[in-house]
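> Got a structure here, written out as structure tokens. Questions coming.
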Amino acid sequence: MPTLFVTQAEVPKLLPMNECVDVMAATMEALARGTTILPLRQILWLPERVGALGLMPGALLADGVLGLKAITLFPGNEGTERDTHQGAVLLFDGGNGALLAVLDATSITAIRTAAVSGVATRLLAREDAGDLAILGSGVQARTHLEAMRCVRRIRRVRVWSRNGENARAFAAAESKRQGIAVEAARSAREAVAGADLICTTTSAREPILRGEWISPGAHVNAVGSSIPSARELDGDAVRRARLYADRRESLENEGGDFLLARKEGAVGDDHVIGEIGEVAIGKVPGRRSPNEITLFKSLGLAVEDVASAKHIYEKARASGAGRTIEFGGHREVP
């Protein structure tokens, strides 16, 4: 069977945000039910940590597929023509091991990460939540705005960036693209004042969101940090919130927001309520009152990439999108 190749420009057409939110909801439920295989990612760091290569394998047993995302992280690319995250997702047949597809990882990562935050928001945020603050002005800020609009009726949007010009450019571009007024805030504190939805999508290593700034009843999606030594939230923000993870094992090994708060003594291991998939299947409780603060810590999981790749693969096969190549894998016969 030929291998399908799907480019960066083609991925968003085959994986629109509203569809991806539903795909990620099903994936988080499968994870909670134990029908996936998901080892922790491996990261190869270059000297001086100027860049890294991440390897993320996973399998969806009920869907009969497995895959691997190989992606580079080069923070120095921010503000250049190159994305900070680049790579490919490889999708394999779980029955015979055939390489089904090679797909651009930059677009998949941008969309599926925000879609998972959409799932968490749908499960944990108040039904009337609609005052959105986004900290960060990059790719994830853009896709998170889109995802939040898929799951809640957004009535106000504020954005903050450490670079004020970037925040103003984001506000202008997204106001036009998404047809909603986006305000550029002068500070993170100003951006989150009174917000009931907060998305942190920065590359910060030290806290940019403090617990004292978060209004009662808010839901927070913490997305930017995925290594143990970096965080976007201070210990008080984590302490004040009911904490949920995409996956508990990933949080306990990679979630700097939680690990550093625990190291400071702000929280203990029992502060983790559970995984969002467990909320979806009724295994753990979600929000209990309108005034609770809920926090979803996103680390990003390989099964999210595999599920996205499968969805894209099936749609591309049905529509004729992408390009197929006889790539190999056939047994040579003498």
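Going through the structure tokens in order, the chains are called A, B, and so on, while each chain numbers its residues from 1 and the ligands are numbered from 1 in the order shown.
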List as a tab-separated table every residue of segment 91-127 of chain A that is in contact with segment 227-245 of chain A, defined as an atom at most 12 Å from one of its atoms (using only C-alpha atoms), together with the nearest atom pair and the distance in Å rounded to one decimal, sorted by chain and then rising number.


```
residue	atom	partner	partner_atom	distance
A:Val116	CA	A:Ala245	CA	10.7
A:Ser117	CA	A:Ala245	CA	10.5
A:Val119	CA	A:Ala245	CA	11.8
A:Ala120	CA	A:Tyr244	CA	8.7
A:Thr121	CA	A:Tyr244	CA	11.1
A:Leu123	CA	A:Tyr244	CA	10.8
A:Leu124	CA	A:Tyr244	CA	9.3
A:Ala125	CA	A:Arg242	CA	11.5
```

> Give the helix (DSSP H, G or I) residues of segment 116-200 of chain A, as assigned by DSSP on the backbone, as an MDAnalysis selection string.

chainID A and resid 116:124 139:151 164:178 188:192

> Atoms to include: C-alpha atoms. Write the selected residues as a PDB file, in the first residue's frame.


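Done, and the output landed in again.pdb:
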```pdb
ATOM      1  CA  VAL A 116      -7.179  19.241  24.136  1.00  0.00           C
ATOM      2  CA  SER A 117      -7.428  22.517  26.061  1.00  0.00           C
ATOM      3  CA  GLY A 118     -10.843  22.843  24.452  1.00  0.00           C
ATOM      4  CA  VAL A 119     -11.813  19.443  25.840  1.00  0.00           C
ATOM      5  CA  ALA A 120     -10.608  20.440  29.318  1.00  0.00           C
ATOM      6  CA  THR A 121     -12.480  23.737  29.095  1.00  0.00           C
ATOM      7  CA  ARG A 122     -15.665  21.990  28.002  1.00  0.00           C
ATOM      8  CA  LEU A 123     -15.391  19.639  31.003  1.00  0.00           C
ATOM      9  CA  LEU A 124     -14.164  22.030  33.703  1.00  0.00           C
ATOM     10  CA  VAL A 139       0.988  29.969  17.315  1.00  0.00           C
ATOM     11  CA  GLN A 140      -0.598  28.413  20.390  1.00  0.00           C
ATOM     12  CA  ALA A 141      -2.225  31.709  21.343  1.00  0.00           C
ATOM     13  CA  ARG A 142      -3.912  31.783  17.933  1.00  0.00           C
ATOM     14  CA  THR A 143      -5.118  28.184  18.012  1.00  0.00           C
ATOM     15  CA  HIS A 144      -6.261  28.480  21.625  1.00  0.00           C
ATOM     16  CA  LEU A 145      -8.441  31.441  20.739  1.00  0.00           C
ATOM     17  CA  GLU A 146     -10.017  29.285  18.058  1.00  0.00           C
ATOM     18  CA  ALA A 147     -10.448  26.316  20.403  1.00  0.00           C
ATOM     19  CA  MET A 148     -12.017  28.398  23.172  1.00  0.00           C
ATOM     20  CA  ARG A 149     -14.542  29.743  20.672  1.00  0.00           C
ATOM     21  CA  CYS A 150     -15.464  26.155  19.766  1.00  0.00           C
ATOM     22  CA  VAL A 151     -16.449  25.221  23.318  1.00  0.00           C
ATOM     23  CA  GLY A 164       3.989  44.586  23.571  1.00  0.00           C
ATOM     24  CA  GLU A 165       4.283  45.013  19.823  1.00  0.00           C
ATOM     25  CA  ASN A 166       3.635  41.300  19.332  1.00  0.00           C
ATOM     26  CA  ALA A 167       0.511  41.537  21.490  1.00  0.00           C
ATOM     27  CA  ARG A 168      -0.805  44.463  19.460  1.00  0.00           C
ATOM     28  CA  ALA A 169      -0.053  42.693  16.169  1.00  0.00           C
ATOM     29  CA  PHE A 170      -1.821  39.546  17.436  1.00  0.00           C
ATOM     30  CA  ALA A 171      -4.840  41.572  18.536  1.00  0.00           C
ATOM     31  CA  ALA A 172      -5.142  43.261  15.158  1.00  0.00           C
ATOM     32  CA  ALA A 173      -4.647  40.090  13.116  1.00  0.00           C
ATOM     33  CA  GLU A 174      -6.951  37.851  15.167  1.00  0.00           C
ATOM     34  CA  SER A 175      -9.666  40.490  15.455  1.00  0.00           C
ATOM     35  CA  LYS A 176      -9.808  40.473  11.677  1.00  0.00           C
ATOM     36  CA  ARG A 177      -9.340  36.725  11.162  1.00  0.00           C
ATOM     37  CA  GLN A 178     -11.784  35.512  13.804  1.00  0.00           C
ATOM     38  CA  ALA A 188      -0.392  39.924  32.422  1.00  0.00           C
ATOM     39  CA  ARG A 189      -2.197  41.088  35.543  1.00  0.00           C
ATOM     40  CA  GLU A 190      -4.338  43.479  33.501  1.00  0.00           C
ATOM     41  CA  ALA A 191      -5.092  40.752  30.961  1.00  0.00           C
ATOM     42  CA  VAL A 192      -6.420  38.255  33.525  1.00  0.00           C
TER      43      VAL A 192
END
```

> Taking the DSSP assignment computed from this structure's backbone, write out as a ChimeraX atom specification all residues of segment 100-250 of chain A that belong to strand (DSSP E or B).

/A:100-104,131-135,156-160,182-184,197-200,209,219-222,233,241-245

> Find the residues near Leu4 of chain A: any atom within 8 Å, counting only C-alpha atoms, skip ones fewer than 6 places away on the same chain, and give them as a ChimeraX atom specification.

/A:100-102,313,322-325

> I want to know what sits within 6 Å of segment 213-226 of chain A, based on only C-alpha atoms, with residues of the same chain fewer than 2 positions away left out; could you give that as a PyMOL selection string?

chain A and resi 125+194+196-203+210-211+230-231+254-255+290-299

> Using only C-alpha atoms, find each residue in segment 96-163 of chain A having at least one atom no more than 12 Å away from segment 64-78 of chain A; report its shortest atom-to-atom pair and that distance in Å (one decimal), rows by chain then rising number, as JSON lines.


```
{"residue": "A:Asn96", "atom": "CA", "partner": "A:Gly64", "partner_atom": "CA", "distance": 9.8}
{"residue": "A:Gly97", "atom": "CA", "partner": "A:Leu66", "partner_atom": "CA", "distance": 8.5}
{"residue": "A:Ala98", "atom": "CA", "partner": "A:Val65", "partner_atom": "CA", "distance": 9.8}
{"residue": "A:Leu99", "atom": "CA", "partner": "A:Gly67", "partner_atom": "CA", "distance": 9.0}
{"residue": "A:Leu100", "atom": "CA", "partner": "A:Val65", "partner_atom": "CA", "distance": 9.3}
{"residue": "A:Ala101", "atom": "CA", "partner": "A:Gly67", "partner_atom": "CA", "distance": 9.5}
{"residue": "A:Val102", "atom": "CA", "partner": "A:Lys69", "partner_atom": "CA", "distance": 9.7}
{"residue": "A:Leu103", "atom": "CA", "partner": "A:Lys69", "partner_atom": "CA", "distance": 9.3}
{"residue": "A:Asp104", "atom": "CA", "partner": "A:Lys69", "partner_atom": "CA", "distance": 9.5}
{"residue": "A:Ala105", "atom": "CA", "partner": "A:Ile71", "partner_atom": "CA", "distance": 7.0}
{"residue": "A:Thr106", "atom": "CA", "partner": "A:Ile71", "partner_atom": "CA", "distance": 8.2}
{"residue": "A:Ser107", "atom": "CA", "partner": "A:Ile71", "partner_atom": "CA", "distance": 11.6}
{"residue": "A:Ile108", "atom": "CA", "partner": "A:Lys69", "partner_atom": "CA", "distance": 10.0}
{"residue": "A:Thr109", "atom": "CA", "partner": "A:Ile71", "partner_atom": "CA", "distance": 9.5}
{"residue": "A:Gly136", "atom": "CA", "partner": "A:Glu78", "partner_atom": "CA", "distance": 11.9}
{"residue": "A:Ser137", "atom": "CA", "partner": "A:Glu78", "partner_atom": "CA", "distance": 10.8}
{"residue": "A:Gly138", "atom": "CA", "partner": "A:Glu78", "partner_atom": "CA", "distance": 8.4}
{"residue": "A:Val139", "atom": "CA", "partner": "A:Glu78", "partner_atom": "CA", "distance": 10.0}
{"residue": "A:Asn163", "atom": "CA", "partner": "A:Glu78", "partner_atom": "CA", "distance": 11.8}
```
